[in-house]
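Chemist: Below is the file coords_38.cif, which contains mmCIF, C-alpha atoms.
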data_start
loop_
_atom_site.label_atom_id
_atom_site.label_comp_id
_atom_site.auth_asym_id
_atom_site.auth_seq_id
_atom_site.Cartn_x
_atom_site.Cartn_y
_atom_site.Cartn_z
CA MET A 299 13.65 18.26 -64.13
CA ARG A 300 13.53 14.73 -62.81
CA ASP A 301 15.42 13.47 -65.87
CA LEU A 302 18.12 16.08 -65.35
CA PHE A 303 18.45 15.23 -61.66
CA LEU A 304 18.81 11.48 -62.32
CA ILE A 305 21.32 12.08 -65.11
CA GLY A 306 23.33 14.41 -62.89
CA PHE A 307 23.37 11.88 -60.06
CA LEU A 308 24.48 9.03 -62.32
CA PHE A 309 27.10 11.23 -63.97
CA SER A 310 28.54 12.06 -60.53
CA LEU A 311 28.75 8.35 -59.66
CA PHE A 312 30.55 7.54 -62.90
CA ALA A 313 32.88 10.49 -62.39
CA MET A 314 33.80 9.30 -58.87
CA GLY A 315 34.26 5.83 -60.30
CA MET A 316 37.11 7.12 -62.47
CA ARG A 317 39.09 7.69 -59.26
CA ARG A 318 37.62 4.89 -57.12
CA PRO A 319 36.68 1.92 -59.38
CA PHE A 320 34.47 0.28 -56.74
CA VAL A 321 32.04 3.21 -57.04
CA LEU A 322 31.19 1.89 -60.52
CA VAL A 323 30.01 -1.35 -58.87
CA LEU A 324 27.81 0.73 -56.56
CA ALA A 325 26.47 2.66 -59.54
CA TYR A 326 25.31 -0.61 -61.10
CA ILE A 327 23.65 -1.62 -57.80
CA TYR A 328 21.70 1.65 -57.81
CA ILE A 329 20.63 1.18 -61.44
CA ASP A 330 19.67 -2.46 -60.85
CA ILE A 331 17.43 -1.67 -57.87
CA VAL A 332 15.95 1.73 -58.71
CA SER A 333 15.84 1.33 -62.53
CA PRO A 334 16.13 5.09 -63.19
CA GLN A 335 15.60 4.41 -66.90
CA ARG A 336 11.97 3.60 -66.03
CA LEU A 337 11.54 6.92 -64.24
CA THR A 338 12.67 9.19 -67.05
CA TYR A 339 10.63 10.50 -69.95
CA TYR A 340 13.15 10.96 -72.74
CA LEU A 341 16.83 10.61 -71.89
CA LEU A 342 17.92 7.61 -69.81
CA ASN A 343 15.29 5.28 -71.26
CA SER A 344 16.97 5.55 -74.67
CA VAL A 345 20.48 4.71 -73.40
CA PRO A 346 21.62 1.21 -72.27
CA ILE A 347 22.66 2.65 -68.92
CA SER A 348 22.69 -0.74 -67.17
CA LEU A 349 25.03 -2.24 -69.78
CA ILE A 350 27.33 0.78 -69.58
CA ALA A 351 27.50 0.47 -65.79
CA VAL A 352 28.28 -3.25 -65.68
CA VAL A 353 30.90 -3.02 -68.45
CA SER A 354 32.53 -0.10 -66.62
CA ALA A 355 32.47 -1.93 -63.28
CA VAL A 356 33.93 -5.18 -64.59
CA GLY A 357 36.43 -3.41 -66.83
CA ALA A 358 37.69 -1.19 -64.00
CA TRP A 359 38.11 -4.21 -61.72
CA VAL A 360 40.04 -6.14 -64.36
CA LEU A 361 42.30 -3.25 -65.32
CA VAL A 362 43.05 -1.24 -62.19
CA ASP A 363 41.53 -2.75 -59.03
CA ASP A 364 43.63 -4.60 -56.46
CA LYS A 365 42.88 -8.32 -56.73
CA ARG A 366 45.30 -9.74 -54.14
CA ASP A 367 42.56 -10.72 -51.68
CA SER A 368 39.95 -11.77 -54.22
CA ARG A 369 38.80 -15.39 -53.87
CA PHE A 370 36.45 -17.54 -55.95
CA THR A 371 34.29 -19.56 -53.54
CA VAL A 372 32.16 -22.67 -53.78
CA ARG A 373 28.94 -20.65 -53.60
CA GLN A 374 30.07 -18.51 -56.52
CA GLY A 375 30.68 -21.73 -58.42
CA ALA A 376 27.15 -22.87 -57.52
CA ILE A 377 25.68 -19.59 -58.81
CA LEU A 378 27.68 -20.01 -62.00
CA THR A 379 26.35 -23.57 -62.32
CA LEU A 380 22.80 -22.29 -61.93
CA LEU A 381 23.51 -19.68 -64.62
CA ILE A 382 24.73 -22.34 -67.04
CA TYR A 383 21.82 -24.65 -66.25
CA CYS A 384 19.27 -21.88 -66.83
CA GLY A 385 20.97 -21.10 -70.12
CA VAL A 386 20.63 -24.74 -71.21
CA THR A 387 16.93 -24.89 -70.31
CA THR A 388 16.36 -21.58 -72.09
CA TYR A 389 18.02 -22.43 -75.38
CA PHE A 390 17.41 -26.18 -75.56
CA GLY A 391 14.36 -27.04 -73.43
CA ALA A 392 12.02 -24.05 -73.23
CA ASP A 393 8.35 -24.70 -73.98
CA PHE A 394 8.02 -21.05 -75.05
CA PRO A 395 11.40 -20.07 -76.58
CA THR A 396 10.54 -16.44 -77.35
CA GLU A 397 8.99 -15.73 -73.95
CA ALA A 398 11.81 -17.59 -72.19
CA LEU A 399 14.39 -15.34 -73.81
CA GLN A 400 12.61 -12.28 -72.44
CA LYS A 401 13.14 -13.43 -68.86
CA TRP A 402 16.58 -14.86 -69.57
CA ASP A 403 17.63 -11.38 -70.77
CA TRP A 404 17.66 -10.06 -67.18
CA VAL A 405 18.14 -13.27 -65.20
CA TRP A 406 21.57 -14.04 -66.62
CA LYS A 407 22.74 -10.52 -65.76
CA ALA A 408 21.63 -10.93 -62.13
CA LEU A 409 23.38 -14.29 -61.82
CA ALA A 410 26.55 -13.24 -63.64
CA PHE A 411 26.90 -10.09 -61.53
CA ALA A 412 26.37 -12.16 -58.35
CA VAL A 413 29.34 -14.31 -59.41
CA PHE A 414 31.48 -11.23 -60.02
CA LEU A 415 30.44 -9.04 -57.07
CA PRO A 416 32.14 -10.98 -54.20
CA LEU A 417 35.49 -10.62 -55.99
CA THR A 418 35.34 -6.88 -55.33
CA LEU A 419 34.40 -7.11 -51.62
CA ARG A 420 37.91 -7.14 -50.15
CA THR A 421 37.41 -4.81 -47.19
CA ARG A 422 34.87 -4.00 -44.51
CA LEU A 423 34.39 -0.59 -46.11
CA ARG A 424 33.37 -2.16 -49.41
CA ILE A 425 30.99 -4.62 -47.76
CA GLU A 426 29.34 -1.78 -45.87
CA ALA A 427 29.22 0.41 -48.98
CA LEU A 428 27.46 -2.35 -50.92
CA LEU A 429 24.84 -2.81 -48.20
CA LEU A 430 24.43 0.93 -47.81
CA PHE A 431 23.78 1.41 -51.53
CA MET A 432 21.36 -1.50 -51.55
CA ILE A 433 19.43 -0.03 -48.61
CA LEU A 434 19.43 3.59 -49.79
CA SER A 435 18.48 2.57 -53.33
CA LEU A 436 15.63 0.52 -51.93
CA GLY A 437 14.83 3.42 -49.61
CA SER A 438 14.23 5.73 -52.56
CA ILE A 439 11.26 3.51 -53.43
CA VAL A 440 10.19 2.71 -49.87
CA ILE A 441 10.17 6.30 -48.61
CA VAL A 442 7.94 7.39 -51.50
CA GLY A 443 5.57 4.50 -50.77
CA GLY A 444 5.57 5.25 -47.04
CA VAL A 445 4.71 8.92 -47.54
CA LYS A 446 1.91 8.08 -49.96
CA THR A 447 0.56 5.47 -47.55
CA ILE A 448 0.36 8.02 -44.73
CA PHE A 449 -1.53 10.54 -46.85
CA SER A 450 -3.69 8.25 -49.01
CA GLY A 451 -3.89 4.93 -47.17
CA GLY A 452 -2.90 3.06 -50.31
CA GLY A 453 -4.83 0.00 -51.38
CA TYR A 454 -4.35 -3.25 -53.27
CA GLY A 455 -2.89 -2.35 -56.67
CA GLU A 456 -3.37 1.38 -56.04
CA LEU A 457 -0.07 2.52 -54.50
CA ASN A 458 2.03 4.22 -57.19
CA LEU A 459 5.73 3.85 -56.38
CA MET A 460 7.13 6.61 -58.63
CA VAL A 461 6.22 4.68 -61.78
CA THR A 462 3.13 2.90 -63.12
CA ASN A 463 5.22 -0.10 -64.24
CA ASN A 464 4.03 -3.02 -62.07
CA THR A 465 7.20 -5.13 -62.41
CA GLY A 466 10.32 -5.83 -60.36
CA LEU A 467 10.54 -3.99 -57.07
CA TYR A 468 7.71 -1.71 -58.16
CA GLU A 469 5.19 -4.55 -57.78
CA GLY A 470 3.26 -4.41 -54.49
CA SER A 471 3.84 -7.89 -53.07
CA ILE A 472 7.50 -7.94 -54.13
CA ILE A 473 8.39 -4.58 -52.60
CA SER A 474 6.54 -5.58 -49.41
CA ALA A 475 8.63 -8.72 -48.97
CA VAL A 476 11.91 -7.03 -49.90
CA ALA A 477 11.28 -3.95 -47.75
CA VAL A 478 10.61 -6.02 -44.62
CA SER A 479 13.62 -8.26 -45.33
CA ALA A 480 15.85 -5.17 -45.47
CA ILE A 481 14.98 -4.09 -41.92
CA PRO A 482 17.68 -6.20 -40.15
CA ILE A 483 20.35 -4.66 -42.40
CA ILE A 484 18.99 -1.15 -41.80
CA LEU A 485 19.19 -1.67 -38.04
CA TRP A 486 22.74 -3.03 -38.33
CA LEU A 487 23.93 -0.07 -40.38
CA GLY A 488 22.32 2.29 -37.88
CA ALA A 489 24.07 0.62 -34.92
CA HIS A 490 27.41 -0.62 -36.32
CA GLY A 491 28.06 1.17 -39.61
CA THR A 492 31.24 3.20 -40.07
CA ILE A 493 30.47 5.14 -43.26
CA PHE A 494 27.85 7.14 -41.38
CA PRO A 495 28.84 7.11 -37.69
CA PRO A 496 26.05 5.64 -35.54
CA ASP A 497 25.12 8.91 -33.82
CA TRP A 498 21.59 10.14 -33.12
CA ARG A 499 21.08 11.38 -36.68
CA THR A 500 21.98 8.04 -38.25
CA ARG A 501 19.83 6.15 -35.76
CA LEU A 502 16.90 8.50 -36.29
CA PHE A 503 17.06 8.04 -40.05
CA SER A 504 17.37 4.26 -39.61
CA TYR A 505 14.26 4.09 -37.41
CA ALA A 506 12.35 6.32 -39.81
CA LEU A 507 13.34 4.07 -42.74
CA VAL A 508 12.28 0.99 -40.78
CA PHE A 509 8.91 2.66 -40.17
CA ALA A 510 8.59 3.35 -43.91
CA CYS A 511 9.41 -0.32 -44.65
CA LEU A 512 6.64 -1.40 -42.27
CA LEU A 513 4.22 0.96 -44.00
CA ILE A 514 4.78 -0.62 -47.42
CA PRO A 515 2.71 -3.78 -46.69
CA VAL A 516 -0.04 -1.47 -45.42
CA GLY A 517 0.04 0.74 -48.50
CA THR A 518 0.12 -2.19 -50.91
CA SER A 519 -2.34 -4.32 -48.86
CA ALA A 520 0.00 -7.26 -49.48
CA ARG A 521 -0.70 -10.25 -47.25
CA THR A 522 2.84 -11.45 -47.91
CA GLY A 523 4.19 -8.40 -46.10
CA LEU A 524 2.16 -9.16 -42.98
CA LEU A 525 3.61 -12.67 -42.78
CA CYS A 526 7.12 -11.28 -43.27
CA ILE A 527 6.59 -8.78 -40.45
CA GLY A 528 5.46 -11.61 -38.17
CA LEU A 529 8.57 -13.69 -38.93
CA LEU A 530 10.85 -10.69 -38.46
CA GLY A 531 9.30 -10.01 -35.05
CA ILE A 532 10.07 -13.59 -33.99
CA LEU A 533 13.63 -13.51 -35.35
CA MET A 534 14.43 -10.30 -33.49
CA LEU A 535 13.86 -12.17 -30.22
CA ARG A 536 17.26 -13.77 -30.79
CA ASP A 537 19.09 -10.47 -30.39
CA VAL A 538 17.10 -8.42 -27.88
CA LYS A 539 18.35 -8.45 -24.28
CA ARG A 540 15.02 -7.89 -22.54
CA ARG A 541 12.72 -10.27 -24.35
CA PHE A 542 9.65 -9.86 -22.15
CA LEU A 543 9.87 -6.09 -22.48
CA TYR A 544 10.22 -6.48 -26.26
CA ILE A 545 7.15 -8.73 -26.44
CA GLY A 546 5.16 -6.30 -24.34
CA LEU A 547 6.15 -3.32 -26.49
CA VAL A 548 5.25 -5.21 -29.68
CA ALA A 549 1.86 -6.14 -28.24
CA VAL A 550 1.12 -2.56 -27.16
CA GLY A 551 2.31 -1.21 -30.50
CA GLY A 552 0.06 -3.65 -32.33
CA MET A 553 -2.98 -2.65 -30.27
CA ILE A 554 -2.30 1.01 -30.99
CA ALA A 555 -1.66 0.47 -34.71
CA VAL A 556 -4.66 -1.74 -35.56
CA PRO A 557 -7.36 0.97 -35.11
CA LEU A 558 -5.28 3.34 -37.25
CA LEU A 559 -4.97 0.96 -40.20
CA PRO A 560 -7.05 1.76 -43.30
CA SER A 561 -10.15 -0.40 -43.79
CA SER A 562 -8.87 -1.59 -47.19
CA TYR A 563 -5.87 -3.15 -45.45
CA THR A 564 -7.80 -4.89 -42.65
CA GLU A 565 -10.34 -6.27 -45.12
CA ARG A 566 -7.54 -7.61 -47.30
CA MET A 567 -5.76 -9.22 -44.33
CA SER A 568 -8.96 -10.90 -43.18
CA THR A 569 -8.93 -12.99 -46.35
CA ILE A 570 -5.97 -14.96 -44.94
CA ARG A 571 -8.43 -16.88 -42.74
CA THR A 572 -11.02 -17.25 -45.53
CA TYR A 573 -8.61 -18.08 -48.34
CA LYS A 574 -11.04 -20.60 -49.87
CA GLY A 575 -13.29 -17.72 -50.84
CA ASP A 576 -10.49 -15.55 -52.23
CA GLU A 577 -9.81 -15.95 -55.94
CA SER A 578 -6.16 -14.89 -55.68
CA ALA A 579 -5.39 -17.53 -53.03
CA SER A 580 -7.44 -20.21 -54.79
CA THR A 581 -5.67 -19.72 -58.10
CA ARG A 582 -2.30 -19.92 -56.35
CA LEU A 583 -3.18 -23.30 -54.88
CA ALA A 584 -4.43 -24.42 -58.27
CA VAL A 585 -1.28 -23.35 -60.11
CA TRP A 586 0.93 -25.01 -57.48
CA LYS A 587 -0.99 -28.26 -57.98
CA TRP A 588 -0.64 -27.88 -61.76
CA THR A 589 3.13 -27.34 -61.37
CA LEU A 590 3.54 -30.55 -59.37
CA ASP A 591 1.62 -32.46 -62.04
CA TYR A 592 3.66 -30.81 -64.79
CA VAL A 593 7.10 -31.73 -63.39
CA GLY A 594 5.84 -35.28 -62.90
CA SER A 595 6.22 -35.67 -66.67
CA ASN A 596 8.81 -32.87 -67.16
CA PRO A 597 11.36 -33.28 -64.34
CA PHE A 598 13.75 -30.76 -65.92
CA GLY A 599 11.11 -28.05 -66.12
CA GLY A 600 9.79 -26.15 -69.09
CA GLY A 601 12.12 -23.15 -69.13
CA PHE A 602 11.30 -19.59 -68.23
CA ASN A 603 7.62 -18.59 -68.35
CA ALA A 604 6.46 -22.20 -68.72
CA TYR A 605 3.36 -21.28 -66.71
CA LEU A 606 1.84 -19.71 -69.84
CA GLN A 607 0.51 -23.11 -70.85
CA ASN A 608 -1.46 -23.85 -67.67
CA THR A 609 -5.24 -24.13 -67.56
CA LEU A 610 -6.72 -24.06 -64.07
CA SER A 611 -10.06 -24.85 -62.51
CA PHE A 612 -10.78 -24.13 -58.86
CA GLU A 613 -13.66 -23.81 -56.42
CA LEU A 614 -14.49 -20.72 -54.38
CA THR A 615 -16.30 -21.19 -51.08
CA SER A 616 -17.96 -18.32 -49.23
CA VAL A 617 -20.03 -18.29 -46.05
CA GLU A 618 -22.86 -15.78 -45.72
CA GLY A 619 -25.09 -14.95 -42.78
CA THR A 620 -24.61 -15.31 -39.04
CA ALA A 621 -23.15 -18.20 -37.09
CA GLN A 622 -26.69 -19.40 -36.24
CA ASP A 623 -28.11 -18.93 -39.74
CA SER A 624 -25.41 -19.24 -42.39
CA THR A 625 -25.35 -20.45 -45.98
CA ILE A 626 -22.36 -21.86 -47.84
CA GLU A 627 -22.02 -20.82 -51.46
CA ARG A 628 -19.71 -22.65 -53.84
CA ARG A 629 -18.88 -21.62 -57.37
CA LYS A 630 -16.42 -22.80 -60.00
CA GLY A 631 -13.69 -20.65 -61.46
CA THR A 632 -11.20 -21.03 -64.30
CA ASP A 633 -8.00 -19.29 -65.30
CA ARG A 634 -5.26 -19.63 -67.92
CA GLY A 635 -1.59 -18.68 -67.97
CA ARG A 636 -1.51 -17.99 -64.24
CA ALA A 637 1.92 -17.10 -62.83
CA TYR A 638 3.42 -19.30 -60.11
CA HIS A 639 3.21 -16.72 -57.28
CA SER A 640 5.89 -18.67 -55.42
CA SER A 641 9.66 -18.70 -55.82
CA TYR A 642 9.78 -22.41 -55.02
CA PHE A 643 7.20 -23.39 -57.61
CA GLU A 644 8.72 -20.89 -60.02
CA MET A 645 12.03 -22.73 -59.79
CA LEU A 646 10.34 -26.12 -59.96
CA GLY A 647 8.16 -25.35 -62.98
CA GLU A 648 10.82 -23.50 -64.96
CA GLN A 649 14.07 -25.29 -64.00
CA GLY A 650 12.73 -28.62 -62.74
CA TRP A 651 14.02 -30.57 -59.77
CA PRO A 652 17.74 -29.93 -60.52
CA GLY A 653 17.19 -26.17 -60.62
CA LEU A 654 15.07 -26.17 -57.46
CA PHE A 655 17.60 -28.23 -55.48
CA LEU A 656 20.47 -26.05 -56.69
CA TRP A 657 18.63 -22.85 -55.72
CA LEU A 658 17.63 -24.27 -52.33
CA GLY A 659 21.21 -25.43 -51.75
CA LEU A 660 22.49 -21.90 -52.42
CA ASN A 661 20.10 -20.41 -49.90
CA LEU A 662 20.62 -23.07 -47.25
CA ALA A 663 24.39 -22.77 -47.56
CA GLY A 664 24.11 -19.04 -46.93
CA LEU A 665 21.87 -19.52 -43.89
CA PHE A 666 24.19 -22.11 -42.33
CA ARG A 667 27.35 -20.10 -43.01
CA MET A 668 25.84 -16.94 -41.52
CA GLU A 669 24.80 -18.91 -38.43
CA ALA A 670 28.34 -20.25 -38.09
CA LEU A 671 29.81 -16.75 -38.35
CA ARG A 672 27.23 -15.38 -35.95
CA ARG A 673 28.24 -17.92 -33.31
CA ARG A 674 31.98 -17.69 -33.96
CA TYR A 675 32.18 -13.92 -33.51
CA ARG A 676 29.47 -13.40 -30.90
CA ALA A 677 31.87 -12.39 -28.10
CA ALA A 678 31.49 -8.65 -27.49
CA ASP A 679 35.25 -8.18 -26.96
CA ASP A 680 36.14 -9.86 -30.28
CA PRO A 681 37.57 -7.34 -32.79
CA LEU A 682 35.44 -9.02 -35.46
CA HIS A 683 32.26 -8.95 -33.38
CA TRP A 684 30.75 -6.53 -35.93
CA GLY A 685 31.05 -9.32 -38.52
CA GLY A 686 29.12 -11.74 -36.36
CA THR A 687 26.29 -9.26 -35.85
CA LEU A 688 26.26 -8.49 -39.59
CA ALA A 689 26.08 -12.22 -40.37
CA GLY A 690 23.01 -12.44 -38.13
CA ALA A 691 21.40 -9.48 -39.91
CA LEU A 692 22.08 -11.00 -43.34
CA GLN A 693 20.71 -14.34 -42.18
CA HIS A 694 17.50 -12.76 -40.87
CA ALA A 695 17.10 -10.74 -44.06
CA GLN A 696 17.41 -13.91 -46.14
CA LEU A 697 14.95 -15.85 -43.96
CA VAL A 698 12.33 -13.11 -44.29
CA TYR A 699 12.96 -12.95 -48.03
CA LEU A 700 12.53 -16.71 -48.38
CA LEU A 701 9.24 -16.59 -46.50
CA GLY A 702 8.02 -13.84 -48.81
CA GLY A 703 9.25 -15.91 -51.73
CA ALA A 704 6.83 -18.67 -50.75
CA PHE A 705 4.00 -16.44 -52.03
CA VAL A 706 5.75 -14.26 -54.63
CA GLY A 707 7.83 -15.28 -57.64
CA ILE A 708 11.15 -13.64 -56.69
CA ALA A 709 13.54 -16.57 -57.06
CA PHE A 710 15.74 -14.64 -59.52
CA ASN A 711 15.25 -11.12 -58.18
CA PRO A 712 18.65 -9.35 -58.23
CA PHE A 713 18.20 -8.21 -54.61
CA LEU A 714 18.45 -11.83 -53.40
CA PHE A 715 21.67 -12.47 -55.30
CA GLN A 716 23.17 -9.18 -54.14
CA LEU A 717 22.37 -10.37 -50.61
CA MET A 718 24.15 -13.65 -51.35
CA ALA A 719 27.16 -11.75 -52.71
CA ALA A 720 27.35 -9.71 -49.50
CA GLN A 721 27.27 -12.96 -47.49
CA ILE A 722 30.08 -14.45 -49.58
CA GLY A 723 32.16 -11.28 -49.30
CA LEU A 724 31.68 -11.14 -45.53
CA ASP A 725 32.55 -14.83 -45.15
CA THR A 726 35.79 -14.60 -47.13
CA TYR A 727 36.81 -11.35 -45.43
CA LEU A 728 36.29 -12.68 -41.89
CA SER A 729 38.10 -15.92 -42.75
CA ARG A 730 41.06 -13.98 -44.10
CA ARG A 731 41.21 -11.69 -41.08
CA THR A 732 41.05 -14.69 -38.74
CA ARG A 733 43.93 -16.40 -40.58
CA GLU A 734 45.98 -13.20 -40.48
CA ALA A 735 45.39 -12.88 -36.73
CA ARG A 736 46.53 -16.47 -36.15
CA VAL A 737 49.68 -15.97 -38.22
CA GLN A 738 50.44 -12.78 -36.30
CA GLN A 739 50.02 -14.58 -32.98
CA MET A 740 52.36 -17.36 -34.10
CA GLN A 741 54.95 -14.83 -35.20
CA GLN A 742 54.72 -13.05 -31.85
CA ARG A 743 55.31 -16.35 -30.05
CA VAL A 744 58.36 -17.10 -32.20
CA ASP A 745 59.80 -13.63 -31.58
CA LEU A 746 59.46 -13.89 -27.78
CA PRO A 747 62.67 -14.37 -25.76
CA ARG A 748 63.40 -17.99 -24.86
CA GLY A 749 62.71 -17.50 -21.17
CA SER A 750 59.37 -15.81 -21.80
CA ARG A 751 58.38 -18.58 -24.20
CA ALA A 752 59.12 -21.21 -21.56
CA VAL A 753 56.96 -19.43 -19.03
#
Can you dump the structure from the file as structure tokens?
Modeler:
Amino acid sequence: MRDLFLIGFLFSLFAMGMRRPFVLVLAYIYIDIVSPQRLTYYLLNSVPISLIAVVSAVGAWVLVDDKRDSRFTVRQGAILTLLIYCGVTTYFGADFPTEALQKWDWVWKALAFAVFLPLTLRTRLRIEALLLFMILSLGSIVIVGGVKTIFSGGGYGELNLMVTNNTGLYEGSIISAVAVSAIPIILWLGAHGTIFPPDWRTRLFSYALVFACLLIPVGTSARTGLLCIGLLGILMLRDVKRRFLYIGLVAVGGMIAVPLLPSSYTERMSTIRTYKGDESASTRLAVWKWTLDYVGSNPFGGGFNAYLQNTLSFELTSVEGTAQDSTIERRKGTDRGRAYHSSYFEMLGEQGWPGLFLWLGLNLAGLFRMEALRRRYRAADDPLHWGGTLAGALQHAQLVYLLGGAFVGIAFNPFLFQLMAAQIGLDTYLSRRTREARVQQMQQRVDLPRGSRAV
């Protein structure tokens, strides 16, 4: 029954895409985030549904879509450069050619689609539709995780998010970081969206989805999610009108929530302070040190999955007893082929310094451009004020994502590059609308009677 439902839903999207080509782009977004082929037993997992969707989306844009307002930007060129560079390191410099090709198989699709996607974002409706599909597709995972957290409490590595495949957005730490980063966009759609009018029903659903996003770090017991929630709480101070009231409500909410949290979550979070005794944290520090040593002799990186060659040794320190009578126990640990567990070290180890600087440049450019748009259109009476608030939401989402990326290897996750594409589309759209408004004002001045113009 689940297979039939997913096939029927995808068929309806493709059918609507025959009349509205942009719907095919949205269908690919849904497939890229939800991965329905992983959820089916027999049907979709035997069909290259992702390839069909992207070929349909690109083909429809080339053949029938209006391309008058499409622009190729500098950031798209930078993403294309990163795509080419990763291809070179994969085919000509990978330490593990076979394993590198496995990651390259999905990375190049994410990068190539990020180059293409802004070309289709010509209107506010399309920008909103992209964000709405991203959020609702993510919500199909988050809502399931939130419900299971309420009834079971979850646990580290125990929360089943519709599928037992622990990869992509179905991995605990990754979905925690992405879910929290999506909250600013959810709140924006609930307050300013036009596809679903921001009435009480839309707002209620938005708040419920935000609550589900906050439950995901609890259900997965991911420490990364807690840090992301903390950063989001600080960033939201920029937009709230009554800051002291906001701080007070957050403090009261925290005091109420802490006693209700499952013991597995609080025990896991307590290891943040005692990271030297936690094997997961100790191996991360060890692999980061190994990566720095590795690029010292391999500045261009080792290609995708270069971490497979690492051999780590680390020391675990634990304190037992009371403050007056305590003993310190130290023991050695070893590990091999440990993943980077950091987007920054992932880029550094696999693509070297050029790849890291290019990736950082892409992200910093997005943050600065969104800040510029946020300031330019912050006046409440500006017709494009919605664009300024959306730029702030996209900026906050990216900042939270980048914090989560410090502890999870999500440098090439498609969600990040879809976020970048939305930023590029918003930037080009607002710039075009601003130019059109200026031209219209100039024409109105020229058309005024001579006496009025003199006055």
Chemist: Pick from A:Trp359, A:Arg499, A:Val461, A:Glu734: nearest to A:Thr338, with all atoms listed in the file counted?
Modeler: A:Val461
Chemist: Write out as a list in words each polymer residue whose atoms come within 8 Å of A:Gly702, counting all atoms listed in the file; drop sequence neighbours fewer than 2 positions from it.
Modeler: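 Counting only the stated atoms, we get Ile472, Ala475, Val476, Thr522, Gly523, Leu525, Cys526, Val698, Tyr699, Leu700, Ala704, Phe705 and Val706 of chain A.
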Chemist: Show me the residues close to (-1.9, -20.2, -65.9) - anything with an atom within 7 Å, counting only C-alpha atoms - and format the list as a list of chain:residue names.
Modeler: A:Val585, A:Tyr605, A:Leu606, A:Gln607, A:Asn608, A:Thr609, A:Leu610, A:Asp633, A:Arg634, A:Gly635, A:Arg636, A:Ala637
Chemist: May I have the residues at most 10 Å from (29.6, -10.7, -61.8) in the file's coordinates, counting all atoms listed in the file, as number ranges by chain?
Modeler: A: 323, 352, 355-356, 374, 378, 406-418, 719
Chemist: How far is it from atom CA of A:Phe312 to atom CA of A:Pro712, in Å with one decimal?
Modeler: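 Here the two named atoms are 21.2 Å from each other.
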Chemist: For a quick check of understanding, using only C-alpha atoms, which of A:Val440, A:Leu428, A:Cys511, A:Ala480 has the smallest distance to A:Gly723?
Modeler: A:Leu428
Chemist: Counting only C-alpha atoms, which of A:His683, A:Arg318, A:Arg336, A:Arg667 gets nearest to A:Leu304?
Modeler: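 Ranking A:His683, A:Arg318, A:Arg336, A:Arg667 by distance to A:Leu304, first place goes to A:Arg336.
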Chemist: Can you complete the atoms of stretch 439-447 of chain A to N, CA, C and O atoms and list them as a PDB file, in the frame of the given file?
Modeler:
ATOM      1  N   ILE A 439      12.588   4.018 -53.073  1.00  0.00           N
ATOM      2  CA  ILE A 439      11.260   3.510 -53.430  1.00  0.00           C
ATOM      3  C   ILE A 439      10.380   3.448 -52.180  1.00  0.00           C
ATOM      4  O   ILE A 439       9.217   3.858 -52.191  1.00  0.00           O
ATOM      5  N   VAL A 440      10.956   2.940 -51.091  1.00  0.00           N
ATOM      6  CA  VAL A 440      10.190   2.710 -49.870  1.00  0.00           C
ATOM      7  C   VAL A 440       9.701   4.014 -49.253  1.00  0.00           C
ATOM      8  O   VAL A 440       8.552   4.107 -48.792  1.00  0.00           O
ATOM      9  N   ILE A 441      10.562   5.037 -49.230  1.00  0.00           N
ATOM     10  CA  ILE A 441      10.170   6.300 -48.610  1.00  0.00           C
ATOM     11  C   ILE A 441       9.005   6.933 -49.368  1.00  0.00           C
ATOM     12  O   ILE A 441       8.063   7.453 -48.761  1.00  0.00           O
ATOM     13  N   VAL A 442       9.058   6.874 -50.696  1.00  0.00           N
ATOM     14  CA  VAL A 442       7.940   7.390 -51.500  1.00  0.00           C
ATOM     15  C   VAL A 442       6.659   6.635 -51.165  1.00  0.00           C
ATOM     16  O   VAL A 442       5.595   7.239 -50.951  1.00  0.00           O
ATOM     17  N   GLY A 443       6.757   5.295 -51.100  1.00  0.00           N
ATOM     18  CA  GLY A 443       5.570   4.500 -50.770  1.00  0.00           C
ATOM     19  C   GLY A 443       5.067   4.764 -49.375  1.00  0.00           C
ATOM     20  O   GLY A 443       3.853   4.806 -49.137  1.00  0.00           O
ATOM     21  N   GLY A 444       5.982   4.969 -48.402  1.00  0.00           N
ATOM     22  CA  GLY A 444       5.570   5.250 -47.040  1.00  0.00           C
ATOM     23  C   GLY A 444       4.840   6.570 -46.916  1.00  0.00           C
ATOM     24  O   GLY A 444       3.806   6.674 -46.236  1.00  0.00           O
ATOM     25  N   VAL A 445       5.362   7.608 -47.585  1.00  0.00           N
ATOM     26  CA  VAL A 445       4.710   8.920 -47.540  1.00  0.00           C
ATOM     27  C   VAL A 445       3.326   8.853 -48.172  1.00  0.00           C
ATOM     28  O   VAL A 445       2.343   9.391 -47.638  1.00  0.00           O
ATOM     29  N   LYS A 446       3.212   8.181 -49.298  1.00  0.00           N
ATOM     30  CA  LYS A 446       1.910   8.080 -49.960  1.00  0.00           C
ATOM     31  C   LYS A 446       0.933   7.255 -49.128  1.00  0.00           C
ATOM     32  O   LYS A 446      -0.274   7.532 -49.139  1.00  0.00           O
ATOM     33  N   THR A 447       1.443   6.259 -48.413  1.00  0.00           N
ATOM     34  CA  THR A 447       0.560   5.470 -47.550  1.00  0.00           C
ATOM     35  C   THR A 447      -0.010   6.314 -46.425  1.00  0.00           C
ATOM     36  O   THR A 447      -1.195   6.222 -46.090  1.00  0.00           O
TER      37      THR A 447
END
